[in-house]
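Text of the file my_file03.csv, holding CSV, C-alpha atoms:
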```
chain,number,residue,atom,x,y,z
A,10,MET,CA,-9.5,13.4,4.4
A,11,LEU,CA,-7.5,10.6,2.7
A,12,PHE,CA,-8.5,11.4,-0.8
A,13,SER,CA,-7.0,14.6,-2.2
A,14,HIS,CA,-5.4,15.8,-5.3
A,15,GLU,CA,-2.8,17.7,-3.2
A,16,ARG,CA,0.2,15.6,-2.5
A,17,ASN,CA,1.0,17.3,0.8
A,18,ASP,CA,-2.6,17.1,2.0
A,19,LEU,CA,-2.5,13.3,1.6
A,20,ARG,CA,0.9,13.1,3.2
A,21,GLN,CA,-0.1,15.1,6.2
A,22,VAL,CA,-2.9,12.6,6.9
A,23,PHE,CA,-0.1,10.0,7.5
A,24,PHE,CA,1.9,12.3,9.7
A,25,ASN,CA,-1.2,13.3,11.7
A,26,ALA,CA,-2.3,9.7,12.3
A,27,TRP,CA,1.2,8.7,13.5
A,28,ASN,CA,1.4,11.7,15.7
A,29,LYS,CA,-2.0,11.0,17.3
A,30,HIS,CA,-1.0,7.4,17.8
A,31,ASN,CA,2.2,8.5,19.6
A,32,LYS,CA,0.3,10.9,21.8
A,33,HIS,CA,-2.3,8.2,22.5
A,34,THR,CA,-5.0,10.4,21.0
A,35,PRO,CA,-8.2,8.6,19.7
A,36,LEU,CA,-7.9,7.8,16.0
A,37,GLU,CA,-10.5,8.0,13.3
A,38,PRO,CA,-11.1,4.7,11.5
A,39,MET,CA,-8.9,5.6,8.5
A,40,GLU,CA,-6.2,6.8,10.9
A,41,GLN,CA,-6.3,3.4,12.6
A,42,ILE,CA,-5.7,1.7,9.3
A,43,ILE,CA,-2.8,4.0,8.5
A,44,VAL,CA,-1.2,3.5,12.0
A,45,GLN,CA,-1.7,-0.3,11.7
A,46,VAL,CA,0.3,-0.3,8.4
A,47,ILE,CA,3.0,2.1,9.6
A,48,LYS,CA,3.5,-0.2,12.7
A,49,LEU,CA,4.3,-3.0,10.3
A,50,HIS,CA,7.1,-0.9,8.9
A,51,PRO,CA,9.5,0.1,11.7
A,52,GLU,CA,11.9,1.4,9.0
A,53,TYR,CA,9.5,4.3,8.5
A,54,HIS,CA,8.8,5.2,12.1
A,55,HIS,CA,11.5,7.8,12.3
A,56,PHE,CA,10.4,9.2,9.0
A,57,PHE,CA,6.8,9.9,10.2
A,58,GLU,CA,8.1,11.6,13.4
A,59,ASN,CA,9.4,14.5,11.4
A,60,SER,CA,6.8,16.0,9.1
A,61,SER,CA,8.6,19.3,8.8
A,62,SER,CA,11.6,17.7,7.1
A,63,ASN,CA,9.8,14.9,5.2
A,64,LEU,CA,6.5,16.4,4.0
A,65,ASN,CA,8.0,17.7,0.8
A,66,LYS,CA,10.6,15.0,0.3
A,67,ASP,CA,10.9,13.5,-3.2
A,68,PHE,CA,11.9,9.9,-3.7
A,69,SER,CA,14.1,8.7,-6.4
A,70,PRO,CA,14.0,5.0,-7.4
A,71,GLU,CA,17.3,5.5,-9.2
A,72,MET,CA,18.9,6.3,-5.8
A,73,GLY,CA,17.3,3.2,-4.3
A,74,GLU,CA,14.7,5.2,-2.3
A,75,THR,CA,11.3,3.7,-1.5
A,76,ASN,CA,8.5,6.2,-1.2
A,77,PRO,CA,6.9,5.4,2.1
A,78,PHE,CA,3.7,7.1,1.2
A,79,LEU,CA,3.3,5.0,-2.0
A,80,HIS,CA,4.3,1.8,-0.2
A,81,LEU,CA,1.9,2.3,2.7
A,82,SER,CA,-0.9,3.5,0.4
A,83,MET,CA,-0.5,0.3,-1.6
A,84,HIS,CA,-0.9,-1.7,1.6
A,85,ILE,CA,-4.1,0.3,2.4
A,86,ALA,CA,-5.4,-0.3,-1.2
A,87,ILE,CA,-4.9,-4.1,-0.8
A,88,HIS,CA,-6.7,-4.0,2.6
A,89,GLU,CA,-9.6,-2.3,0.9
A,90,GLN,CA,-9.6,-4.8,-2.0
A,91,LEU,CA,-9.6,-7.7,0.4
A,92,SER,CA,-12.4,-6.3,2.4
A,93,VAL,CA,-14.7,-6.1,-0.6
A,94,ASN,CA,-13.2,-8.9,-2.8
A,95,GLN,CA,-12.5,-6.5,-5.6
A,96,PRO,CA,-11.2,-7.4,-8.1
A,97,GLN,CA,-13.4,-10.5,-7.9
A,98,GLY,CA,-11.4,-13.4,-6.6
A,99,ILE,CA,-8.6,-11.3,-4.9
A,100,THR,CA,-9.6,-12.5,-1.4
A,101,GLY,CA,-9.5,-16.2,-2.3
A,102,ASN,CA,-6.1,-15.7,-4.1
A,103,TYR,CA,-4.8,-13.9,-1.1
A,104,LYS,CA,-5.7,-16.8,1.1
A,105,LYS,CA,-4.0,-19.2,-1.2
A,106,LEU,CA,-0.9,-17.1,-1.4
A,107,LEU,CA,-0.9,-16.8,2.4
A,108,LYS,CA,-0.8,-20.6,2.7
A,109,LYS,CA,2.5,-20.4,0.6
A,110,THR,CA,4.1,-17.5,2.5
A,111,ASN,CA,2.6,-18.1,6.0
A,112,ASP,CA,3.1,-14.4,6.5
A,113,PRO,CA,0.2,-11.9,6.0
A,114,HIS,CA,2.7,-9.0,5.5
A,115,GLU,CA,4.8,-10.8,3.0
A,116,THR,CA,1.6,-11.9,1.2
A,117,GLU,CA,0.6,-8.3,0.9
A,118,HIS,CA,4.0,-7.5,-0.6
A,119,GLU,CA,3.5,-10.2,-3.2
A,120,LEU,CA,0.2,-8.6,-4.1
A,121,MET,CA,1.8,-5.2,-4.2
A,122,ASP,CA,4.3,-6.5,-6.8
A,123,CYS,CA,1.3,-7.3,-9.0
A,124,LEU,CA,-0.5,-4.1,-8.2
A,125,GLY,CA,2.6,-2.1,-9.0
A,126,GLU,CA,3.0,-3.9,-12.3
A,127,MET,CA,-0.6,-3.2,-13.3
A,128,ILE,CA,-0.2,0.5,-12.4
A,129,TRP,CA,3.1,0.8,-14.2
A,130,LEU,CA,1.7,-0.8,-17.4
A,131,ALA,CA,-1.3,1.4,-17.3
A,132,GLN,CA,0.9,4.5,-17.0
A,133,ARG,CA,3.3,3.3,-19.7
A,134,GLU,CA,0.5,2.6,-22.1
A,135,ASN,CA,-1.6,5.6,-21.1
A,136,LYS,CA,-4.6,3.3,-20.3
A,137,ALA,CA,-6.8,2.6,-17.4
A,138,PRO,CA,-5.5,-0.1,-15.0
A,139,ASP,CA,-6.4,-3.6,-16.2
A,140,GLU,CA,-7.6,-5.9,-13.4
A,141,LYS,CA,-6.9,-8.9,-15.6
A,142,VAL,CA,-3.2,-7.9,-15.6
A,143,TYR,CA,-3.3,-7.7,-11.8
A,144,MET,CA,-5.1,-11.0,-11.3
A,145,ASP,CA,-3.0,-12.8,-14.0
A,146,CYS,CA,0.2,-11.7,-12.1
A,147,ILE,CA,-1.2,-13.1,-8.8
A,148,LYS,CA,-2.2,-16.4,-10.5
A,149,LEU,CA,1.4,-16.6,-11.8
A,150,LYS,CA,2.7,-16.3,-8.2
A,151,LEU,CA,0.3,-19.1,-7.2
A,152,GLY,CA,1.5,-21.3,-10.1
A,153,ILE,CA,-2.0,-21.2,-11.7
A,154,ALA,CA,-2.0,-21.2,-15.6
A,155,ASN,CA,-4.0,-18.4,-17.2
```
Could you spell out this file's structure in structure tokens?
Amino acid sequence: MLFSHERNDLRQVFFNAWNKHNKHTPLEPMEQIIVQVIKLHPEYHHFFENSSSNLNKDFSPEMGETNPFLHLSMHIAIHEQLSVNQPQGITGNYKKLLKKTNDPHETEHELMDCLGEMIWLAQRENKAPDEKVYMDCIKLKLGIAN
């Protein structure tokens, strides 16, 4: 159950996947993706080992706190986008950006900057996310004129 309107239900999926991984218990396909992304972020390993203290934690950007659930969920969203090439052209642009960074994880972070900008603009303007904003941002990172 990855999709839920309840914040803690969604968060518990991350804790459960990490716990199963640490106990060498078989993982469901979505749990495998979650664990793969958590493994790329050793700074979060301790966080996911303590669900009782961290399940309800709020994160304040003003205090310099990164929300690990948001960060990892954005990685997962990008993995999904790349797997289906949506928005159209994301996979090709990812490959081009990867040639510049030579690091798949860093390339995902570059895409996350653009994904975050698109989401922020949509929220600020109370509109649906605009794929054009997302893709234009990625093209800027590639030095491609819009």
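Closest to Phe56 (chain A) among A:Phe23, A:Tyr143, A:Lys148, A:Ile42 is A:Phe23, based on only C-alpha atoms.
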- Have a look at CA of Thr100 (chain A) and CA of Trp27 (chain A) and let me know their distance in Å, one decimal. 28.1 Å
- Task: Could you give me, as a list in words, the residues within 12 Å of Tyr53 (chain A), counting only C-alpha atoms and dropping anything in the same chain fewer than 4 positions from it?
- Result: Phe23, Phe24, Trp27, Val44, Val46, Ile47, Lys48, Leu49, Phe57, Glu58, Asn59, Asn63, Thr75, Asn76, Pro77, Phe78, His80 and Leu81 of chain A
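Across A:His88, A:Gly98, A:Asn25, A:His54, the tightest approach to Thr116 (chain A) is made by A:His88 when counting all atoms listed in the file.
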- Tell me which of A:Glu115, A:Ala86, A:Ile99, A:Glu134 sits closest to Cys146 (chain A), counting all atoms listed in the file. A:Ile99
- Residues within 10 Å of (-4.0, -8.2, 1.4), counting only C-alpha atoms, listed as number ranges by chain: A: 83-92, 99-100, 102-104, 106-107, 113-121
- Rounded to one decimal place, report the CA of Leu36 (chain A)-CA of Lys66 (chain A) distance in Å. 25.3 Å
- Query: What lies within 9 Å of Arg20 (chain A) using all atoms listed in the file, ignoring chain neighbours under 6 positions off, as an MDAnalysis selection string?
  - Reply: chainID A and resid 11 60 64:65 78
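Here CA of Met127 (chain A) stands at a distance of 6.5 Å from CA of Asp139 (chain A).
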